[in-house]
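Chemist: Just one file: input.pdb, with PDB, C-alpha atoms.
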ATOM      1  CA  MET A  25       3.639 -19.806  15.784
ATOM      2  CA  THR A  26       4.863 -18.562  12.383
ATOM      3  CA  GLY A  27       3.736 -21.782  10.721
ATOM      4  CA  ARG A  28       0.253 -21.420  12.156
ATOM      5  CA  LEU A  29       0.018 -17.810  11.002
ATOM      6  CA  ILE A  30       1.124 -18.759   7.473
ATOM      7  CA  ALA A  31      -1.464 -21.550   7.374
ATOM      8  CA  GLU A  32      -4.213 -19.211   8.535
ATOM      9  CA  ALA A  33      -3.153 -16.533   6.068
ATOM     10  CA  GLY A  34      -3.116 -19.072   3.255
ATOM     11  CA  SER A  35      -6.654 -20.134   4.102
ATOM     12  CA  LEU A  36      -7.833 -16.623   3.303
ATOM     13  CA  LEU A  37      -6.635 -16.868  -0.288
ATOM     14  CA  ASP A  38      -9.068 -17.122  -3.144
ATOM     15  CA  ARG A  39     -10.343 -20.718  -3.314
ATOM     16  CA  ARG A  40     -11.339 -20.471  -6.979
ATOM     17  CA  THR A  41      -8.034 -21.716  -8.272
ATOM     18  CA  SER A  42      -6.236 -24.879  -9.237
ATOM     19  CA  ARG A  43      -4.245 -26.930  -6.743
ATOM     20  CA  ARG A  44      -1.031 -25.686  -8.345
ATOM     21  CA  GLY A  45      -2.261 -22.088  -8.171
ATOM     22  CA  LEU A  46      -3.219 -22.512  -4.545
ATOM     23  CA  LEU A  47       0.201 -23.922  -3.752
ATOM     24  CA  ALA A  48       1.862 -20.962  -5.468
ATOM     25  CA  ARG A  49      -0.275 -18.555  -3.513
ATOM     26  CA  ALA A  50       0.510 -20.324  -0.266
ATOM     27  CA  VAL A  51       4.224 -19.971  -0.972
ATOM     28  CA  LEU A  52       3.660 -16.297  -1.777
ATOM     29  CA  ALA A  53       1.740 -15.799   1.463
ATOM     30  CA  GLY A  54       4.618 -17.387   3.336
ATOM     31  CA  SER A  55       7.067 -15.039   1.627
ATOM     32  CA  ALA A  56       4.965 -12.036   2.556
ATOM     33  CA  MET A  57       4.777 -13.263   6.127
ATOM     34  CA  ALA A  58       8.543 -13.633   6.270
ATOM     35  CA  VAL A  59       9.170 -10.179   4.784
ATOM     36  CA  ALA A  60       6.532  -8.146   6.651
ATOM     37  CA  PRO A  61       4.295 -10.303   8.866
ATOM     38  CA  LEU A  62       2.486  -7.549  10.748
ATOM     39  CA  ARG A  63       1.858  -5.509   7.619
ATOM     40  CA  TYR A  64       0.508  -8.546   5.795
ATOM     41  CA  LEU A  65      -1.835  -9.541   8.616
ATOM     42  CA  LEU A  66      -3.030  -6.098   9.637
ATOM     43  CA  ARG A  67      -3.334  -4.246   6.330
ATOM     44  CA  PRO A  68      -5.796  -5.071   3.519
ATOM     45  CA  GLY A  69      -4.482  -6.264   0.188
ATOM     46  CA  SER A  70      -2.851  -9.250  -1.416
ATOM     47  CA  ALA A  71       0.415 -10.902  -0.494
ATOM     48  CA  TRP A  72       2.022  -9.283  -3.517
ATOM     49  CA  ALA A  73       1.194  -5.878  -2.079
ATOM     50  CA  VAL A  74       3.905  -6.280   0.558
ATOM     51  CA  ILE A  75       6.630  -7.417  -1.852
ATOM     52  CA  ASP A  76       8.823  -4.397  -2.548
ATOM     53  CA  PRO A  77      11.946  -4.176  -4.757
ATOM     54  CA  GLU A  78      14.212  -5.285  -1.924
ATOM     55  CA  SER A  79      12.234  -8.511  -1.716
ATOM     56  CA  CYS A  80      13.011  -9.422  -5.343
ATOM     57  CA  SER A  81      16.042 -11.518  -6.193
ATOM     58  CA  GLY A  82      15.908 -10.391  -9.817
ATOM     59  CA  GLY A  83      13.711  -8.883 -12.503
ATOM     60  CA  LEU A  84      13.225  -5.341 -13.751
ATOM     61  CA  CYS A  85      12.091  -4.204 -10.323
ATOM     62  CA  THR A  86      15.711  -4.418  -9.187
ATOM     63  CA  ASP A  87      17.303  -2.313 -11.960
ATOM     64  CA  GLY A  88      16.722   1.008 -10.193
ATOM     65  CA  TYR A  89      14.480   2.656 -12.785
ATOM     66  CA  SER A  90      10.855   3.725 -12.387
ATOM     67  CA  ALA A  91       8.002   2.041 -14.241
ATOM     68  CA  PHE A  92       6.278   3.652 -17.192
ATOM     69  CA  CYS A  93       3.038   5.379 -16.241
ATOM     70  CA  CYS A  94       1.087   3.388 -18.807
ATOM     71  CA  GLU A  95       1.930   0.248 -16.791
ATOM     72  CA  ILE A  96       0.112   1.486 -13.695
ATOM     73  CA  ASN A  97      -2.306   4.087 -15.093
ATOM     74  CA  GLN A  98      -4.780   2.007 -17.116
ATOM     75  CA  GLY A  99      -2.561   2.018 -20.197
ATOM     76  CA  LYS A 100      -2.415   5.821 -20.348
ATOM     77  CA  ASN A 101       0.896   7.465 -21.140
ATOM     78  CA  VAL A 102       0.144  10.324 -18.739
ATOM     79  CA  CYS A 103       0.963  11.241 -15.155
ATOM     80  CA  PRO A 104      -1.535   9.714 -12.710
ATOM     81  CA  PRO A 105      -3.649  11.816 -10.335
ATOM     82  CA  GLY A 106      -1.764  13.313  -7.419
ATOM     83  CA  THR A 107       1.473  13.722  -9.370
ATOM     84  CA  TYR A 108       3.153  16.442 -11.412
ATOM     85  CA  VAL A 109       5.990  16.700 -13.918
ATOM     86  CA  GLY A 110       9.079  17.179 -11.776
ATOM     87  CA  GLY A 111      11.793  16.929 -14.411
ATOM     88  CA  TRP A 112      12.894  15.329 -17.663
ATOM     89  CA  TRP A 113      15.788  13.709 -19.467
ATOM     90  CA  MET A 114      16.344  12.437 -22.971
ATOM     91  CA  CYS A 115      17.524   9.340 -24.791
ATOM     92  CA  THR A 116      19.514  10.620 -27.770
ATOM     93  CA  HIS A 117      19.591   7.501 -29.954
ATOM     94  CA  TYR A 118      16.358   5.524 -29.811
ATOM     95  CA  THR A 119      16.447   2.686 -32.367
ATOM     96  CA  GLY A 120      13.318   0.807 -31.321
ATOM     97  CA  THR A 121      10.060   0.478 -33.206
ATOM     98  CA  SER A 122       7.712   1.776 -30.531
ATOM     99  CA  LEU A 123       6.757   5.325 -29.544
ATOM    100  CA  CYS A 124       9.144   7.977 -30.994
ATOM    101  CA  ALA A 125      10.692   5.584 -33.537
ATOM    102  CA  GLU A 126      10.278   8.189 -36.279
ATOM    103  CA  GLU A 127      12.032  10.889 -34.263
ATOM    104  CA  GLY A 128      14.889   8.657 -33.091
ATOM    105  CA  VAL A 129      14.959  10.383 -29.704
ATOM    106  CA  ARG A 130      12.799  10.044 -26.614
ATOM    107  CA  TYR A 131      12.072  12.411 -23.767
ATOM    108  CA  TYR A 132      11.220  10.922 -20.381
ATOM    109  CA  LEU A 133       9.218  12.897 -17.817
ATOM    110  CA  ASP A 134       9.285  11.990 -14.142
ATOM    111  CA  CYS A 135       5.861  12.148 -12.497
ATOM    112  CA  ASN A 136       6.653  13.070  -8.902
ATOM    113  CA  HIS A 137       4.095  12.876  -6.130
ATOM    114  CA  LEU A 138       2.603  16.187  -5.062
ATOM    115  CA  PRO A 139       3.773  17.186  -1.580
ATOM    116  CA  GLY A 140       1.514  15.715   1.076
ATOM    117  CA  THR A 141       0.295  12.785  -1.041
ATOM    118  CA  SER A 142       1.039   9.215   0.002
ATOM    119  CA  ALA A 143       3.465   6.887  -1.768
ATOM    120  CA  ASP A 144       4.009   3.167  -1.186
ATOM    121  CA  CYS A 145       7.217   1.822  -2.688
ATOM    122  CA  ARG A 146       6.417  -1.333  -4.659
ATOM    123  CA  CYS A 147       6.994  -3.213  -7.886
ATOM    124  CA  ALA A 148       4.552  -2.091 -10.588
ATOM    125  CA  ASN A 149       1.522  -4.379 -10.664
ATOM    126  CA  ASP A 150       3.016  -6.269  -7.746
ATOM    127  CA  THR A 151       5.484  -8.316  -9.755
ATOM    128  CA  CYS A 152       9.281  -8.391  -9.758
ATOM    129  CA  ALA A 153       9.108  -8.518 -13.572
ATOM    130  CA  GLU A 154       8.088  -4.836 -13.746
ATOM    131  CA  ARG A 155       9.983  -1.752 -12.647
ATOM    132  CA  ARG A 156       9.347   0.071  -9.402
ATOM    133  CA  ALA A 157       6.745   2.714  -8.556
ATOM    134  CA  ASP A 158       6.793   5.300  -5.754
ATOM    135  CA  CYS A 159      10.331   4.285  -4.762
ATOM    136  CA  ASN A 160      12.886   6.649  -6.269
ATOM    137  CA  VAL A 161      13.063   9.891  -4.294
ATOM    138  CA  PHE A 162      14.734  12.108  -6.880
ATOM    139  CA  ARG A 163      14.084  15.198  -8.982
ATOM    140  CA  TYR A 164      15.935  16.587 -11.989
ATOM    141  CA  GLY A 165      14.109  19.808 -11.220
ATOM    142  CA  GLN A 166      13.685  21.483 -14.618
ATOM    143  CA  CYS A 167       9.873  21.482 -14.383
ATOM    144  CA  ASN A 168       7.311  23.158 -12.121
ATOM    145  CA  THR A 169       9.938  24.787  -9.943
ATOM    146  CA  GLN A 170       7.174  26.589  -8.044
ATOM    147  CA  ILE A 171       6.519  23.280  -6.256
ATOM    148  CA  PRO A 172       9.090  22.822  -3.491
ATOM    149  CA  GLY A 173      10.764  19.701  -2.229
ATOM    150  CA  ILE A 174      11.674  16.275  -3.584
ATOM    151  CA  THR A 175       9.081  13.509  -3.487
ATOM    152  CA  PRO A 176       8.993   9.898  -4.772
ATOM    153  CA  ILE A 177       8.610   9.345  -8.507
ATOM    154  CA  ALA A 178       5.374   7.506  -9.228
ATOM    155  CA  CYS A 179       6.267   6.630 -12.820
ATOM    156  CA  ARG A 180       7.527   8.141 -16.073
ATOM    157  CA  VAL A 181       5.899   9.376 -19.259
ATOM    158  CA  VAL A 182       7.418   9.259 -22.759
ATOM    159  CA  VAL A 183       7.066  12.135 -25.248
ATOM    160  CA  CYS A 184       8.679  12.705 -28.623
ATOM    161  CA  GLN A 185       9.044  16.484 -28.359
ATOM    162  CA  ASN A 186      11.363  18.489 -26.133
ATOM    163  CA  PRO A 187       9.308  19.116 -22.971
ATOM    164  CA  SER A 188      10.521  22.723 -22.785
ATOM    165  CA  THR A 189       8.583  23.431 -25.994
ATOM    166  CA  ILE A 190       5.303  21.902 -24.808
ATOM    167  CA  GLU A 191       2.974  24.475 -23.294
ATOM    168  CA  GLY A 192       1.723  23.523 -19.870
ATOM    169  CA  PHE A 193       4.622  21.271 -18.882
ATOM    170  CA  ASN A 194       6.339  24.239 -17.238
ATOM    171  CA  CYS A 195       9.791  22.878 -18.075
ATOM    172  CA  SER A 196      13.077  24.628 -18.794
ATOM    173  CA  ALA A 197      15.444  23.648 -21.601
ATOM    174  CA  SER A 198      18.158  22.361 -19.262
ATOM    175  CA  VAL A 199      19.181  18.998 -20.725
ATOM    176  CA  ALA A 200      19.897  15.725 -18.918
ATOM    177  CA  VAL A 201      20.808  12.585 -20.879
ATOM    178  CA  ASP A 202      20.580   8.889 -20.036
ATOM    179  CA  ASP A 203      21.062   6.737 -23.128
ATOM    180  CA  ASN A 204      20.768   3.591 -21.004
ATOM    181  CA  THR A 205      17.018   4.171 -21.184
ATOM    182  CA  CYS A 206      16.963   3.962 -24.994
ATOM    183  CA  THR A 207      16.345   0.228 -24.701
ATOM    184  CA  HIS A 208      13.537   0.537 -22.144
ATOM    185  CA  GLU A 209      10.206  -0.589 -23.578
ATOM    186  CA  TRP A 210       6.798  -1.736 -22.450
ATOM    187  CA  SER A 211       3.913  -3.116 -24.485
ATOM    188  CA  CYS A 212       1.577  -0.240 -23.586
ATOM    189  CA  LEU A 213       3.929   2.224 -25.307
ATOM    190  CA  ALA A 214       3.564   0.506 -28.672
ATOM    191  CA  GLY A 215       0.085   1.913 -29.246
ATOM    192  CA  ALA A 216       0.444   5.019 -27.118
ATOM    193  CA  PRO A 217      -0.396   8.308 -28.837
ATOM    194  CA  VAL A 218       2.292  10.938 -29.076
ATOM    195  CA  VAL A 219       1.654  13.338 -26.211
ATOM    196  CA  THR A 220       1.361  16.927 -27.435
ATOM    197  CA  LEU A 221      -0.767  18.199 -24.558
ATOM    198  CA  PRO A 222       0.146  18.369 -20.870
ATOM    199  CA  PRO A 223      -0.179  14.923 -19.234
ATOM    200  CA  VAL A 224      -1.342  16.605 -16.019
ATOM    201  CA  GLN A 225      -3.524  19.545 -15.198
ATOM    202  CA  GLN A 226      -1.492  22.737 -15.526
ATOM    203  CA  LEU A 227      -0.273  23.826 -12.110
ATOM    204  CA  PRO A 228      -0.228  27.462 -10.981
ATOM    205  CA  GLY A 229       2.930  29.455 -11.479
ATOM    206  CA  GLY A 230       5.720  29.282 -13.998
ATOM    207  CA  GLY A 231       8.327  26.577 -14.272
ATOM    208  CA  GLY A 232      11.944  26.852 -15.322
ATOM    209  CA  ALA A 233      13.653  29.691 -17.103
TER
END
If you took the structure in this file and wrote it as structure tokens, what would it be?
Modeler:
Amino acid sequence: MTGRLIAEAGSLLDRRTSRRGLLARAVLAGSAMAVAPLRYLLRPGSAWAVIDPESCSGGLCTDGYSAFCCEINQGKNVCPPGTYVGGWWMCTHYTGTSLCAEEGVRYYLDCNHLPGTSADCRCANDTCAERRADCNVFRYGQCNTQIPGITPIACRVVVCQNPSTIEGFNCSASVAVDDNTCTHEWSCLAGAPVVTLPPVQQLPGGGGA
């Protein structure tokens, strides 16, 4: 029965591909069927769409960190719609050549989902080679304290200025540090402009102290 379902699912794959590509997609369809057969058959989307971090045997999607927003938000180093800045931390010794190289420090902002919005834990761009999105349910909590609760983090934004000094972020000056993230890079950050304006629409109410 499972073999027949995999064969039928594979027949729905895009036929405009090479034999090798078709074989790879068939294997992927089989993996999706093994991981979540009902979801794969009953919900729209590609086979990759059902591969979550727990389905990966390796790659950045398994390291526990959230993807950069520019990976999943059309290259933009801003929070995507339906999210807000929920908190921040800093990398105190950035030695890379990408965004914030001149400052030598980086500030990371978590873009948490607004309460009531949907989140679907997955690997960014549906590949184990990229970090996770919508998976980590966590909040440092220095920003937009008028919004209650803890929701999944969609992604993270990088800025080169302390978020507590940026008008509209609604962040306090309470510091959290994770220097493990000093080595985190992605190609879309190389040409990203330094964010000096709020990456999301300012939310009502004050944030922090």
Chemist: Here is a test: counting only C-alpha atoms, which residue of A:Cys167, A:Cys93, A:Cys103, A:Cys115 is nearest to Asn194 in chain A?
Modeler: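 Using only C-alpha atoms, Asn194 in chain A sits closest to A:Cys167.
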Chemist: Smallest atom-to-atom distance to Met114 in chain A: which of A:His137, A:Arg146, A:Arg156, A:Arg180, using all atoms listed in the file?
Modeler: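 Ranked by minimum distance to Met114 in chain A, first place goes to A:Arg180.
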Chemist: Figure out the distance between CA of Thr121 in chain A and CA of Val181 in chain A, please, to one decimal in Å.
Modeler: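 According to the coordinates, CA of Val181 in chain A and CA of Thr121 in chain A are separated by 17.1 Å.
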Chemist: Box for range 92-101 of chain A: with edges along x, y and z, all listed atoms inside and 4 Å added on each side, what are the centre and edge lengths in Å to one decimal, as lines of an AutoDock Vina configuration file?
Modeler:
center_x = 0.7
center_y = 3.9
center_z = -17.4
size_x = 19.1
size_y = 15.2
size_z = 15.4
Chemist: Take CA of Tyr108 in chain A and CA of Ile177 in chain A and report the distance between them in Å, one decimal.
Modeler: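 If I compute the distance from CA of Tyr108 in chain A to CA of Ile177 in chain A, I get 9.4 Å.
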Chemist: Using the chain letters and numbers from the file, which residues does the PyMOL selection byres ((chain A and resi 130) around 7) grab, as a PyMOL selection string?
Modeler: chain A and resi 114-116+118+124+128-129+131-132+182-184
Chemist: Pull out every residue that the PyMOL selection byres ((chain A and resi 198) around 9) matches in the shown coordinates and put them as a list in words.
Modeler: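 When the PyMOL selection byres ((chain A and resi 198) around 9) is applied to the shown file, the picked residues are Trp112, Trp113, Gln166, Ser188, Cys195, Ser196, Ala197, Val199, Ala200, Gly232 and Ala233 of chain A.
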Chemist: Just give me the gap between CA of Ile190 in chain A and CA of Gly140 in chain A in Å, one decimal is fine.
Modeler: 26.9 Å
Chemist: Between A:His117, A:Ala143, A:Ala178, A:Gln185, which residue has the minimum interatomic distance to Asp203 in chain A, considering only C-alpha atoms?
Modeler: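 Closest to Asp203 in chain A of all the choices is A:His117.
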Chemist: Would you list the contacts of Gly106 in chain A as a list of chain:residue names, taking every protein, DNA or RNA residue within 9 Å and counting all atoms listed in the file, but skipping same-chain residues closer than 4 positions in sequence?
Modeler: A:Asn136, A:His137, A:Leu138, A:Pro139, A:Thr141, A:Ser142
Chemist: Show which residues sit within 12 Å of Cys85 in chain A, as a ChimeraX atom specification. Count all atoms listed in the file, and ignore same-chain residues fewer than 3 positions away.
Modeler: /A:75-82,88-92,145-160
Chemist: Using all atoms listed in the file for the distances, tell me which of A:Asp144, A:Glu191, A:Asp134, A:Asp87 is nearest to Tyr164 in chain A.
Modeler: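 Closest to Tyr164 in chain A, using all atoms listed in the file: A:Asp134.
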Chemist: Kindly indicate which residue among A:Thr207, A:Cys212, A:Glu126, A:Leu133 lies nearest to Asn97 in chain A, using only C-alpha atoms for the distances.
Modeler: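 Checking each of A:Thr207, A:Cys212, A:Glu126, A:Leu133 against Asn97 in chain A, counting only C-alpha atoms, the winner is A:Cys212.
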Chemist: Complete range 171-204 of chain A at the level of N, CA and C atoms, written as a compact mmCIF listing (two decimals), in the frame of the given file.
Modeler:
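Produced file out-v3.txt, reproduced below:
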# COMPACT_ATOMS: atom_id res chain seq x y z
N ILE A 171 6.86 24.31 -7.24
CA ILE A 171 6.52 23.28 -6.26
C ILE A 171 7.79 22.89 -5.52
N PRO A 172 7.85 23.08 -4.22
CA PRO A 172 9.09 22.82 -3.49
C PRO A 172 9.27 21.35 -3.15
N GLY A 173 10.49 21.02 -2.78
CA GLY A 173 10.76 19.70 -2.23
C GLY A 173 11.03 18.62 -3.27
N ILE A 174 11.41 17.45 -2.75
CA ILE A 174 11.67 16.27 -3.58
C ILE A 174 10.83 15.13 -3.05
N THR A 175 10.00 14.58 -3.88
CA THR A 175 9.08 13.51 -3.49
C THR A 175 9.33 12.28 -4.34
N PRO A 176 8.79 11.11 -3.97
CA PRO A 176 8.99 9.90 -4.77
C PRO A 176 8.42 10.04 -6.18
N ILE A 177 9.08 9.39 -7.12
CA ILE A 177 8.61 9.35 -8.51
C ILE A 177 7.60 8.21 -8.63
N ALA A 178 6.40 8.53 -9.05
CA ALA A 178 5.37 7.51 -9.23
C ALA A 178 5.68 6.65 -10.46
N CYS A 179 6.04 7.33 -11.55
CA CYS A 179 6.27 6.63 -12.82
C CYS A 179 6.80 7.65 -13.82
N ARG A 180 7.01 7.22 -15.06
CA ARG A 180 7.53 8.14 -16.07
C ARG A 180 6.72 8.07 -17.36
N VAL A 181 6.64 9.20 -18.01
CA VAL A 181 5.90 9.38 -19.26
C VAL A 181 6.91 9.55 -20.40
N VAL A 182 6.56 9.10 -21.58
CA VAL A 182 7.42 9.26 -22.76
C VAL A 182 6.76 10.24 -23.73
N VAL A 183 7.53 11.23 -24.20
CA VAL A 183 7.07 12.14 -25.25
C VAL A 183 8.14 12.21 -26.32
N CYS A 184 7.76 12.67 -27.49
CA CYS A 184 8.68 12.70 -28.62
C CYS A 184 9.11 14.13 -28.98
N GLN A 185 8.74 15.08 -28.14
CA GLN A 185 9.04 16.48 -28.36
C GLN A 185 9.71 17.03 -27.11
N ASN A 186 10.68 17.91 -27.29
CA ASN A 186 11.36 18.49 -26.13
C ASN A 186 10.35 19.09 -25.17
N PRO A 187 10.32 18.64 -23.92
CA PRO A 187 9.31 19.12 -22.97
C PRO A 187 9.31 20.62 -22.76
N SER A 188 10.46 21.28 -22.98
CA SER A 188 10.52 22.72 -22.78
C SER A 188 9.71 23.47 -23.83
N THR A 189 9.35 22.79 -24.93
CA THR A 189 8.58 23.43 -25.99
C THR A 189 7.10 23.10 -25.92
N ILE A 190 6.70 22.31 -24.93
CA ILE A 190 5.30 21.90 -24.81
C ILE A 190 4.63 22.78 -23.76
N GLU A 191 3.66 23.55 -24.19
CA GLU A 191 2.97 24.48 -23.29
C GLU A 191 2.24 23.70 -22.20
N GLY A 192 2.40 24.16 -20.99
CA GLY A 192 1.72 23.52 -19.87
C GLY A 192 2.59 22.58 -19.07
N PHE A 193 3.71 22.13 -19.64
CA PHE A 193 4.62 21.27 -18.88
C PHE A 193 5.41 22.07 -17.86
N ASN A 194 5.58 23.37 -18.14
CA ASN A 194 6.34 24.24 -17.24
C ASN A 194 7.76 23.74 -17.04
N CYS A 195 8.43 23.42 -18.14
CA CYS A 195 9.79 22.88 -18.08
C CYS A 195 10.79 23.82 -18.73
N SER A 196 12.00 23.87 -18.18
CA SER A 196 13.08 24.63 -18.79
C SER A 196 13.78 23.76 -19.83
N ALA A 197 14.73 24.36 -20.54
CA ALA A 197 15.44 23.65 -21.60
C ALA A 197 16.73 23.00 -21.10
N SER A 198 16.96 23.00 -19.81
CA SER A 198 18.16 22.36 -19.26
C SER A 198 18.13 20.86 -19.55
N VAL A 199 19.18 20.36 -20.20
CA VAL A 199 19.18 19.00 -20.72
C VAL A 199 19.89 18.02 -19.78
N ALA A 200 19.26 16.86 -19.57
CA ALA A 200 19.90 15.72 -18.92
C ALA A 200 19.77 14.54 -19.87
N VAL A 201 20.79 13.70 -19.92
CA VAL A 201 20.81 12.58 -20.88
C VAL A 201 21.07 11.27 -20.15
N ASP A 202 20.31 10.25 -20.52
CA ASP A 202 20.58 8.89 -20.04
C ASP A 202 20.26 7.93 -21.18
N ASP A 203 21.28 7.61 -21.97
CA ASP A 203 21.06 6.74 -23.13
C ASP A 203 20.87 5.29 -22.73
N ASN A 204 21.09 4.94 -21.46
CA ASN A 204 20.77 3.59 -21.00
C ASN A 204 19.27 3.31 -21.13
